[in-house]
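Raw contents of model23.cif, mmCIF, C-alpha atoms:
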```cif
data_coords
loop_
_atom_site.label_atom_id
_atom_site.label_comp_id
_atom_site.auth_asym_id
_atom_site.auth_seq_id
_atom_site.Cartn_x
_atom_site.Cartn_y
_atom_site.Cartn_z
CA MET I 24 77.46 10.97 -3.67
CA GLU I 25 78.54 9.50 -0.33
CA MET I 26 76.91 6.50 1.34
CA ILE I 27 77.39 4.83 4.73
CA GLU I 28 76.77 1.09 5.14
CA ASP I 29 77.36 -1.50 7.84
CA VAL I 30 78.46 -4.26 5.44
CA VAL I 31 79.43 -4.01 1.78
CA ILE I 32 79.85 -7.16 -0.31
CA VAL I 33 81.63 -6.91 -3.66
CA GLY I 34 80.16 -9.42 -6.12
CA ALA I 35 76.70 -10.95 -6.53
CA GLY I 36 77.82 -14.48 -7.24
CA ILE I 37 77.23 -17.55 -5.10
CA ALA I 38 79.57 -16.41 -2.32
CA GLY I 39 78.25 -12.83 -2.25
CA LEU I 40 74.58 -13.74 -2.27
CA GLY I 41 75.07 -16.60 0.19
CA THR I 42 76.87 -14.30 2.61
CA ALA I 43 74.19 -11.61 2.26
CA VAL I 44 71.43 -14.14 3.01
CA GLY I 45 73.36 -15.46 6.01
CA LEU I 46 73.81 -11.94 7.36
CA LYS I 47 70.12 -11.24 6.85
CA ARG I 48 69.24 -14.35 8.86
CA VAL I 49 71.13 -12.91 11.84
CA GLY I 50 69.56 -9.48 11.42
CA ILE I 51 72.29 -7.64 9.49
CA ARG I 52 71.55 -5.70 6.32
CA SER I 53 74.25 -5.62 3.65
CA LEU I 54 74.75 -3.88 0.31
CA ILE I 55 76.06 -5.93 -2.64
CA LEU I 56 78.00 -4.17 -5.40
CA GLU I 57 77.83 -6.00 -8.72
CA THR I 58 79.67 -4.88 -11.86
CA ALA I 59 77.21 -6.56 -14.24
CA PRO I 60 73.81 -5.01 -15.04
CA GLN I 61 72.05 -8.15 -13.76
CA LEU I 62 72.76 -11.45 -12.01
CA ARG I 63 75.61 -13.32 -13.70
CA THR I 64 74.34 -16.71 -14.85
CA ALA I 65 77.29 -17.89 -16.97
CA GLY I 66 78.34 -21.43 -16.18
CA ALA I 67 75.05 -23.20 -17.06
CA ALA I 68 74.94 -25.46 -13.99
CA LEU I 69 76.95 -26.92 -11.15
CA THR I 70 76.83 -29.95 -8.88
CA LEU I 71 75.89 -29.31 -5.27
CA PHE I 72 77.21 -31.93 -2.85
CA PRO I 73 76.01 -32.68 0.72
CA ASN I 74 78.06 -29.84 2.24
CA ALA I 75 76.33 -27.34 -0.04
CA TRP I 76 72.88 -28.66 0.84
CA CYS I 77 73.72 -28.37 4.56
CA ALA I 78 74.70 -24.73 3.99
CA LEU I 79 71.58 -24.04 1.94
CA HIS I 80 69.44 -25.62 4.65
CA THR I 81 71.04 -23.28 7.20
CA LEU I 82 70.30 -20.35 4.88
CA ALA I 83 66.67 -21.63 4.58
CA VAL I 84 66.93 -21.89 0.79
CA SER I 85 67.35 -25.62 0.03
CA HIS I 86 63.60 -26.30 -0.10
CA LYS I 87 63.31 -23.95 -3.10
CA LEU I 88 65.65 -26.15 -5.17
CA THR I 89 65.48 -29.81 -4.14
CA PRO I 90 62.03 -30.56 -5.66
CA PHE I 91 63.23 -29.65 -9.16
CA TYR I 92 66.50 -31.57 -9.45
CA LEU I 93 67.34 -35.27 -9.49
CA PRO I 94 69.34 -36.65 -6.54
CA LEU I 95 72.35 -38.53 -7.92
CA ARG I 96 72.72 -42.08 -6.61
CA GLY I 97 76.14 -42.86 -8.01
CA SER I 98 78.84 -42.10 -10.52
CA SER I 99 80.33 -44.28 -13.25
CA VAL I 100 83.72 -43.65 -14.85
CA THR I 101 84.44 -45.05 -18.32
CA ASN I 102 88.00 -45.46 -19.55
CA VAL I 103 87.63 -44.41 -23.19
CA ALA I 104 90.67 -46.37 -24.36
CA THR I 105 89.72 -49.72 -22.76
CA GLY I 106 85.99 -49.44 -22.19
CA THR I 107 86.46 -50.37 -18.53
CA VAL I 108 83.77 -48.94 -16.24
CA SER I 109 84.38 -48.09 -12.56
CA ASN I 110 81.58 -47.19 -10.16
CA VAL I 111 81.84 -44.60 -7.39
CA PRO I 112 78.78 -44.59 -5.03
CA LEU I 113 77.47 -41.16 -4.03
CA ASP I 114 74.67 -42.10 -1.63
CA ASN I 115 76.34 -41.48 1.74
CA GLY I 116 73.80 -38.88 2.80
CA GLY I 117 70.02 -38.99 2.96
CA LYS I 118 67.86 -38.12 -0.01
CA GLU I 119 67.81 -34.41 0.81
CA THR I 120 71.61 -34.15 0.90
CA ARG I 121 72.58 -36.28 -2.08
CA PRO I 122 74.49 -34.51 -4.85
CA ARG I 123 72.31 -32.77 -7.40
CA GLY I 124 73.08 -30.88 -10.56
CA VAL I 125 71.45 -27.43 -10.32
CA HIS I 126 71.07 -24.54 -12.75
CA ARG I 127 73.43 -21.77 -11.70
CA LYS I 128 70.72 -19.23 -12.55
CA ALA I 129 68.19 -20.99 -10.32
CA LEU I 130 70.63 -21.05 -7.39
CA LEU I 131 71.46 -17.35 -7.74
CA GLU I 132 67.81 -16.38 -8.07
CA ALA I 133 66.81 -18.52 -5.05
CA LEU I 134 69.38 -16.68 -2.95
CA ALA I 135 68.61 -13.23 -4.36
CA GLU I 136 64.88 -13.65 -3.70
CA GLU I 137 65.65 -13.85 0.04
CA LEU I 138 67.09 -10.34 0.08
CA PRO I 139 65.35 -6.95 0.21
CA ALA I 140 64.83 -5.41 -3.23
CA ASP I 141 67.48 -2.73 -2.72
CA SER I 142 70.21 -5.12 -1.54
CA ILE I 143 72.02 -5.35 -4.90
CA ARG I 144 73.44 -2.29 -6.66
CA PHE I 145 74.09 -3.39 -10.25
CA SER I 146 76.53 -1.75 -12.69
CA SER I 147 78.72 -0.72 -9.75
CA LYS I 148 82.44 -1.03 -10.45
CA LEU I 149 84.92 -0.70 -7.61
CA SER I 150 87.93 1.46 -8.47
CA ALA I 151 89.74 1.98 -5.16
CA ILE I 152 89.81 0.86 -1.50
CA GLU I 153 91.16 2.91 1.39
CA ILE I 154 91.08 2.48 5.15
CA GLN I 155 90.04 5.46 7.23
CA GLU I 156 90.55 5.62 10.99
CA HIS I 157 87.58 7.21 12.74
CA GLY I 158 87.26 7.45 16.52
CA GLY I 159 89.50 4.43 17.09
CA ALA I 160 87.67 2.32 14.52
CA SER I 161 88.57 1.45 10.94
CA LEU I 162 86.19 2.11 8.08
CA ALA I 163 86.63 0.81 4.55
CA VAL I 164 86.20 3.66 2.07
CA LEU I 165 85.21 2.45 -1.39
CA SER I 166 85.41 4.58 -4.50
CA LEU I 167 83.21 3.51 -7.41
CA LYS I 168 83.82 4.39 -11.03
CA ASP I 169 80.59 6.41 -11.17
CA GLY I 170 81.94 8.76 -8.50
CA THR I 171 80.09 7.25 -5.54
CA THR I 172 81.94 6.89 -2.23
CA ILE I 173 80.82 4.28 0.29
CA LYS I 174 82.04 3.99 3.88
CA SER I 175 81.53 0.61 5.51
CA LYS I 176 82.29 -1.10 8.82
CA VAL I 177 82.91 -4.37 6.96
CA LEU I 178 84.09 -5.03 3.39
CA ILE I 179 83.79 -8.55 1.98
CA GLY I 180 85.32 -9.36 -1.41
CA CYS I 181 83.29 -11.98 -3.26
CA ASP I 182 84.47 -10.74 -6.63
CA GLY I 183 85.85 -13.93 -8.11
CA VAL I 184 89.18 -15.22 -9.35
CA HIS I 185 90.47 -11.78 -10.36
CA SER I 186 89.30 -10.12 -7.15
CA VAL I 187 90.08 -6.45 -6.61
CA VAL I 188 89.68 -6.96 -2.86
CA ALA I 189 92.06 -9.95 -2.81
CA LYS I 190 94.61 -7.88 -4.69
CA TRP I 191 94.24 -5.07 -2.14
CA LEU I 192 94.86 -7.60 0.66
CA GLY I 193 98.07 -8.63 -1.09
CA LEU I 194 97.00 -12.17 -1.97
CA SER I 195 98.95 -13.83 -4.75
CA THR I 196 97.52 -13.91 -8.26
CA PRO I 197 95.85 -17.27 -9.05
CA ILE I 198 97.88 -19.52 -11.33
CA HIS I 199 96.94 -21.48 -14.44
CA SER I 200 96.43 -25.20 -13.76
CA GLY I 201 97.53 -26.24 -17.23
CA ARG I 202 93.98 -27.23 -18.12
CA SER I 203 90.86 -25.64 -19.54
CA GLY I 204 87.20 -26.40 -18.87
CA ILE I 205 84.26 -26.43 -21.26
CA ARG I 206 80.67 -26.49 -19.94
CA GLY I 207 77.25 -26.64 -21.53
CA LEU I 208 73.60 -27.44 -20.97
CA SER I 209 71.73 -29.86 -23.23
CA TYR I 210 67.97 -30.07 -23.66
CA PHE I 211 66.06 -33.19 -24.75
CA PRO I 212 62.33 -32.45 -25.36
CA GLN I 213 61.44 -36.16 -25.30
CA GLY I 214 63.65 -36.95 -22.32
CA HIS I 215 67.26 -38.10 -22.14
CA HIS I 216 66.64 -41.50 -20.49
CA LEU I 217 69.79 -41.34 -18.34
CA LYS I 218 69.80 -42.96 -14.92
CA GLU I 219 70.07 -40.88 -11.77
CA GLU I 220 73.85 -41.00 -11.85
CA ALA I 221 76.77 -38.97 -13.05
CA GLN I 222 78.68 -40.43 -15.97
CA GLN I 223 82.34 -39.62 -16.49
CA PHE I 224 84.70 -40.43 -19.35
CA VAL I 225 88.50 -40.30 -19.05
CA ASP I 226 91.23 -40.40 -21.65
CA VAL I 227 94.81 -39.19 -21.87
CA GLY I 228 94.77 -35.49 -21.00
CA LYS I 229 90.96 -35.32 -21.09
CA ARG I 230 88.03 -35.88 -18.74
CA ALA I 231 84.34 -35.32 -19.39
CA GLY I 232 81.04 -35.88 -17.65
CA LEU I 233 77.26 -35.90 -17.93
CA ILE I 234 75.12 -34.74 -14.98
CA PRO I 235 71.32 -35.13 -15.37
CA LEU I 236 69.51 -32.16 -13.85
CA ASN I 237 65.98 -33.40 -14.48
CA ASP I 238 64.22 -35.62 -17.02
CA ASN I 239 64.93 -33.26 -19.93
CA GLU I 240 68.21 -31.46 -19.19
CA ILE I 241 71.81 -32.60 -18.90
CA TYR I 242 74.74 -30.53 -17.69
CA TRP I 243 77.96 -31.63 -19.36
CA PHE I 244 81.61 -30.66 -18.93
CA LEU I 245 84.95 -31.45 -20.48
CA THR I 246 88.41 -30.55 -19.16
CA HIS I 247 91.52 -30.85 -21.29
CA SER I 248 95.20 -29.98 -21.16
CA GLN I 249 96.02 -26.47 -22.31
CA GLY I 250 99.15 -24.40 -22.47
CA GLU I 251 99.05 -21.08 -20.60
CA GLY I 252 99.58 -19.08 -23.79
CA GLU I 253 97.24 -21.15 -25.94
CA GLU I 254 94.57 -19.03 -27.59
CA MET I 255 90.95 -19.71 -26.66
CA THR I 256 87.72 -18.77 -28.38
CA ARG I 257 84.44 -17.51 -26.91
CA GLU I 258 82.36 -18.47 -29.95
CA PRO I 259 79.92 -21.25 -28.88
CA GLU I 260 79.70 -22.80 -32.35
CA VAL I 261 83.49 -23.03 -32.59
CA ILE I 262 83.76 -24.53 -29.08
CA GLN I 263 81.05 -27.10 -29.85
CA LYS I 264 82.76 -28.13 -33.07
CA ALA I 265 86.13 -28.47 -31.31
CA VAL I 266 84.62 -30.77 -28.68
CA ILE I 267 82.91 -33.01 -31.21
CA SER I 268 85.67 -33.21 -33.83
CA ASN I 269 88.72 -33.07 -31.57
CA TYR I 270 88.55 -33.35 -27.78
CA ALA I 271 85.73 -35.92 -27.56
CA LYS I 272 85.94 -37.57 -30.97
CA ASP I 273 86.62 -41.00 -29.40
CA PHE I 274 84.14 -40.62 -26.54
CA PRO I 275 80.94 -42.72 -26.28
CA SER I 276 77.96 -41.70 -28.36
CA GLU I 277 75.89 -40.53 -25.37
CA PHE I 278 78.41 -37.78 -24.68
CA ILE I 279 78.57 -36.68 -28.32
CA THR I 280 74.76 -36.64 -28.44
CA ALA I 281 74.64 -34.37 -25.39
CA VAL I 282 77.15 -31.97 -26.95
CA ASN I 283 75.12 -31.90 -30.19
CA GLN I 284 72.00 -31.04 -28.16
CA THR I 285 73.67 -28.12 -26.37
CA ASP I 286 71.81 -24.87 -25.91
CA LEU I 287 74.61 -22.78 -27.44
CA PRO I 288 74.21 -19.65 -25.26
CA THR I 289 75.08 -21.83 -22.23
CA LEU I 290 78.35 -23.05 -23.76
CA THR I 291 81.50 -21.59 -22.20
CA SER I 292 85.22 -22.29 -22.22
CA ALA I 293 87.72 -20.95 -19.71
CA PRO I 294 91.15 -21.75 -18.22
CA LEU I 295 91.07 -23.55 -14.87
CA MET I 296 92.78 -21.41 -12.25
CA LEU I 297 93.77 -22.00 -8.63
CA ARG I 298 95.52 -20.30 -5.76
CA GLN I 299 98.28 -22.44 -4.30
CA PRO I 300 97.13 -24.07 -1.04
CA TRP I 301 100.11 -22.73 0.93
CA LYS I 302 99.23 -19.19 -0.19
CA VAL I 303 95.83 -19.72 1.45
CA MET I 304 97.26 -21.40 4.55
CA PHE I 305 99.74 -18.62 5.23
CA GLY I 306 98.43 -15.65 3.23
CA GLU I 307 96.74 -12.55 4.65
CA LEU I 308 93.07 -13.42 4.08
CA SER I 309 91.80 -10.52 6.17
CA LYS I 310 93.15 -7.15 7.18
CA GLY I 311 91.25 -5.20 9.80
CA ASN I 312 87.63 -5.03 8.66
CA VAL I 313 88.29 -6.40 5.13
CA THR I 314 88.20 -10.03 4.03
CA VAL I 315 87.39 -12.28 1.07
CA CYS I 316 85.38 -15.42 0.45
CA GLY I 317 84.48 -17.76 -2.40
CA ASP I 318 86.73 -17.70 -5.47
CA ALA I 319 88.25 -14.43 -4.27
CA MET I 320 89.82 -16.42 -1.43
CA HIS I 321 90.25 -19.92 -2.79
CA PRO I 322 89.91 -20.45 -6.56
CA MET I 323 90.26 -24.16 -7.27
CA THR I 324 89.92 -26.61 -10.13
CA PRO I 325 86.48 -28.25 -10.47
CA ASP I 326 87.62 -31.85 -9.97
CA LEU I 327 85.83 -32.30 -6.63
CA GLY I 328 82.94 -30.02 -7.60
CA GLN I 329 83.65 -27.77 -4.61
CA GLY I 330 83.93 -24.25 -6.01
CA GLY I 331 80.30 -23.27 -5.45
CA CYS I 332 79.84 -25.64 -2.51
CA SER I 333 82.72 -24.17 -0.51
CA SER I 334 81.50 -20.65 -1.33
CA LEU I 335 78.19 -21.45 0.36
CA GLU I 336 80.10 -22.79 3.38
CA ASP I 337 82.04 -19.52 3.48
CA GLY I 338 78.84 -17.50 3.55
CA VAL I 339 77.47 -19.38 6.55
CA VAL I 340 80.70 -19.31 8.55
CA LEU I 341 81.37 -15.62 7.86
CA SER I 342 77.78 -14.70 8.77
CA ARG I 343 78.09 -16.66 12.00
CA HIS I 344 81.25 -14.86 13.13
CA ILE I 345 79.90 -11.40 12.29
CA GLY I 346 76.49 -12.31 13.71
CA LEU I 347 77.87 -13.40 17.08
CA SER I 348 79.51 -9.99 17.50
CA PHE I 349 76.32 -8.26 16.35
CA ILE I 350 74.16 -10.13 18.86
CA LYS I 351 76.66 -9.67 21.70
CA ASN I 352 76.45 -5.91 21.18
CA GLY I 353 72.66 -5.75 21.32
CA GLY I 354 72.00 -5.74 17.58
CA ARG I 355 74.79 -3.33 16.62
CA LEU I 356 77.85 -3.79 14.45
CA VAL I 357 80.76 -2.39 16.44
CA ALA I 358 83.49 -1.46 13.99
CA GLU I 359 86.26 -1.98 16.57
CA GLU I 360 85.30 -5.67 16.90
CA MET I 361 85.04 -6.53 13.22
CA GLY I 362 88.73 -7.32 12.82
CA GLU I 363 88.47 -10.01 15.49
CA ALA I 364 85.28 -11.45 13.93
CA LEU I 365 86.84 -11.65 10.48
CA HIS I 366 90.01 -13.18 11.91
CA GLY I 367 87.90 -15.92 13.52
CA TYR I 368 86.23 -16.62 10.17
CA VAL I 369 89.60 -16.84 8.39
CA GLN I 370 91.02 -19.21 10.98
CA GLU I 371 88.00 -21.51 10.65
CA ARG I 372 88.13 -21.56 6.84
CA ARG I 373 91.85 -21.39 6.02
CA TRP I 374 92.80 -25.05 6.41
CA ARG I 375 89.50 -26.42 5.14
CA VAL I 376 89.67 -24.62 1.81
CA ALA I 377 93.42 -25.19 1.39
CA ALA I 378 92.74 -28.93 1.66
CA LEU I 379 89.95 -28.64 -0.93
CA ILE I 380 92.27 -26.83 -3.36
CA ALA I 381 94.93 -29.52 -2.96
CA GLY I 382 92.44 -32.39 -3.14
CA SER I 383 90.77 -30.97 -6.26
CA TYR I 384 94.07 -30.48 -8.04
CA MET I 385 95.33 -33.96 -7.16
CA SER I 386 92.02 -35.54 -8.17
CA GLY I 387 92.22 -33.84 -11.56
CA TRP I 388 95.90 -34.69 -12.00
CA VAL I 389 95.26 -38.36 -11.32
CA GLN I 390 92.06 -38.68 -13.35
CA GLN I 391 93.09 -36.70 -16.40
CA GLY I 392 96.40 -38.46 -16.24
CA GLY I 393 98.98 -38.89 -18.93
CA SER I 394 100.13 -41.48 -21.40
CA SER I 395 102.68 -43.17 -19.12
CA TRP I 396 101.79 -46.63 -17.88
CA TRP I 397 102.31 -45.76 -14.22
CA ARG I 398 99.88 -42.81 -14.29
CA LYS I 399 97.23 -45.00 -15.90
CA PHE I 400 97.93 -47.65 -13.25
CA VAL I 401 97.50 -45.13 -10.43
CA ARG I 402 94.23 -43.88 -11.93
CA ASP I 403 92.60 -47.21 -12.87
CA VAL I 404 93.96 -49.61 -10.27
CA ILE I 405 94.44 -47.41 -7.20
CA PHE I 406 92.45 -44.17 -7.44
CA TYR I 407 89.02 -45.29 -8.69
CA PRO I 408 88.72 -48.54 -6.70
CA PHE I 409 90.22 -47.28 -3.42
CA LEU I 410 90.91 -43.55 -3.19
CA ALA I 411 88.07 -41.78 -5.02
CA ARG I 412 85.60 -42.39 -2.21
CA ARG I 413 88.10 -40.99 0.30
CA PHE I 414 88.62 -37.83 -1.76
CA PHE I 415 84.88 -37.22 -1.86
CA THR I 416 84.45 -37.62 1.90
CA ALA I 417 85.47 -33.94 1.92
CA THR I 418 81.95 -33.20 0.65
CA ASP I 419 80.35 -34.82 3.73
CA TYR I 420 80.86 -31.67 5.76
CA ASP I 421 78.54 -29.55 7.85
CA CYS I 422 79.63 -25.92 8.18
CA GLY I 423 77.34 -25.41 11.18
CA THR I 424 74.41 -23.18 12.02
CA LEU I 425 73.76 -19.48 12.46
CA PRO I 426 73.15 -17.84 15.84
CA SER I 427 69.50 -17.24 16.61
CA VAL I 428 68.27 -13.66 16.80
CA SER I 429 65.17 -12.07 18.28
CA LEU I 430 62.30 -11.30 15.94
CA SER I 431 62.87 -7.57 16.50
CA ASN I 432 66.30 -7.83 14.84
CA LYS I 433 65.21 -9.73 11.76
CA ILE I 434 65.17 -8.03 8.36
CA ASP I 435 62.06 -8.32 6.22
#
```
This structure in structure tokens:
Amino acid sequence: MEMIEDVVIVGAGIAGLGTAVGLKRVGIRSLILETAPQLRTAGAALTLFPNAWCALHTLAVSHKLTPFYLPLRGSSVTNVATGTVSNVPLDNGGKETRPRGVHRKALLEALAEELPADSIRFSSKLSAIEIQEHGGASLAVLSLKDGTTIKSKVLIGCDGVHSVVAKWLGLSTPIHSGRSGIRGLSYFPQGHHLKEEAQQFVDVGKRAGLIPLNDNEIYWFLTHSQGEGEEMTREPEVIQKAVISNYAKDFPSEFITAVNQTDLPTLTSAPLMLRQPWKVMFGELSKGNVTVCGDAMHPMTPDLGQGGCSSLEDGVVLSRHIGLSFIKNGGRLVAEEMGEALHGYVQERRWRVAALIAGSYMSGWVQQGGSSWWRKFVRDVIFYPFLARRFFTATDYDCGTLPSVSLSNKID
């Protein structure tokens, strides 16, 4: 079977769905190819900072989420070894743009609900990409494992850390950060009684946190040092036991209680990967009518909470650049102009996301620290009192708006 599409997006994660919604807002229909049989909801939850809420407001989706999640007013950091508590305010923005912990599933569903029913083609695995010249224009020709061939004026890879599209572009393989992350969602039927703040706990080679989502649910995480060849397990019970008896055995009781209350199917463990910032600054992030966004472009460690947030920024910026060309040409995607539109998107995003990768890595390196006295000094005496707030100013970012389109061009 052969299909022809204007825009094909590979991956129905945050970046893919956010981009599809942004394109819809400017009147462009896209087709999303997703390898899984349904929306991927692994990851339990994530924290959305002001930049993400600005992007979601532009996508006209934020109102579907803000009523159900607690706005965080601050963050406390407890040094497990000394008991010292440092406070990091998080209330720069107004109430609607304060950080909130949000279910990953709820975010994906809120975005997917904005799209036409036939926008996502599940169980669709990409096997090959070719470029075909046709009448002076380039078309991306996609071969799927089920034998389907799709020709598209634009191909956008939103297919995660191990992106097939990024590999086709020649981007370097993401590297292991030397750490692993464990995440879970805890449920308290009678309420958890935490304040509207994030709580973090740091120790040598370990960092953990509690993020209240609402009155009954807490999203928790723990990152720890890990060798690249160290074996990991996917069994939730084994992961939970390792956290309680090993990684967090000296942590405060409120963290242990949250781990004990974990809904086991939400518990995951994975290595923390990143693409070196200079590979993003100087790498080929687009080629003709093909580009990448989200983790396919800029995988980063979670230490600034910017993986999902920056993916939403990508979706808005990419939709704006494609949309401006679409509107200029009277509601048509002109294949010959897509290379220029994608190049503009890459130039706008390249330095921003490279800085986020570097800032996230440095934030994690400082906070997780080591046993040497000078690293503890940098973390406790310099970073938390003076630098942490500066690092998080990167989240006070507005990725801009989308071009307005006539009602006749809008997609129902």
**Message:** Applying the PyMOL selection byres ((chain I and resi 203) around 9) to the file I just gave you, which residues come out? Please list them as number ranges by chain.
**Reply:** I: 199-202, 204-205, 245-250, 292-296
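If you measure from each of I:Ser166, I:Gln61, I:Asn74, I:Ser161 to Ser146 of chain I using all atoms listed in the file, the closest one turns out to be I:Gln61.
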**Request:** Name the residues in contact with segment 213-222 of chain I at a cut-off of 7 Å, using only C-alpha atoms, excluding same-chain residues fewer than 6 positions from it; report them as a ChimeraX atom specification.
**Result:** /I:93-100,232-235,238-239
Write out the residues from the selection above, keeping C-alpha atoms, as a short mmCIF file (atom, residue, chain, number, x, y, z; two decimals), in the coordinates of the input.
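To be explicit, this is the file written out as result_9.cif:
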```cif
data_model
loop_
_atom_site.label_atom_id
_atom_site.label_comp_id
_atom_site.auth_asym_id
_atom_site.auth_seq_id
_atom_site.Cartn_x
_atom_site.Cartn_y
_atom_site.Cartn_z
CA LEU I 93 67.34 -35.27 -9.49
CA PRO I 94 69.34 -36.65 -6.54
CA LEU I 95 72.35 -38.53 -7.92
CA ARG I 96 72.72 -42.08 -6.61
CA GLY I 97 76.14 -42.86 -8.01
CA SER I 98 78.84 -42.10 -10.52
CA SER I 99 80.33 -44.28 -13.25
CA VAL I 100 83.72 -43.65 -14.85
CA GLY I 232 81.04 -35.88 -17.65
CA LEU I 233 77.26 -35.90 -17.93
CA ILE I 234 75.12 -34.74 -14.98
CA PRO I 235 71.32 -35.13 -15.37
CA ASP I 238 64.22 -35.62 -17.02
CA ASN I 239 64.93 -33.26 -19.93
#
```
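The gap separating atom CA of Gly328 of chain I from atom CA of Ala75 of chain I is 10.4 Å, in Å to one decimal.
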**Request:** Report as an MDAnalysis selection string the full result of the PyMOL selection byres ((chain I and resi 53) around 7) when it is applied to this structure.
**Result:** chainID I and resid 29:31 43 51:52 54:55 142
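What separates atom CA of Gln329 of chain I from atom CA of Tyr242 of chain I is a distance of 16.1 Å.
Comparing I:Ala160, I:Ile350, I:Val389, I:Ala68 by their smallest distance to His126 of chain I, the closest is I:Ala68 (using only C-alpha atoms).
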**Test item: which residues lie within 10 Å of (81.4, 0.6, 0.8) counting only C-alpha atoms, as number ranges by chain** = I: 25-33, 53-56, 149, 152, 162-167, 171-179
**Message:** Between I:Tyr92, I:Tyr420, I:Trp191, I:Phe145, which residue has the minimum interatomic distance to Glu336 of chain I, considering all atoms listed in the file?
**Reply:** I:Tyr420
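Near Gly317 of chain I, within 6 Å and counting all atoms listed in the file, sit I:Ala38, I:Cys181, I:Ser334; same-chain residues fewer than 5 positions away were not included.
Of the listed residues (I:Ile143, I:Lys47, I:Thr89, I:Phe72), I:Ile143 comes nearest to Ala59 of chain I; the distances count all atoms listed in the file.
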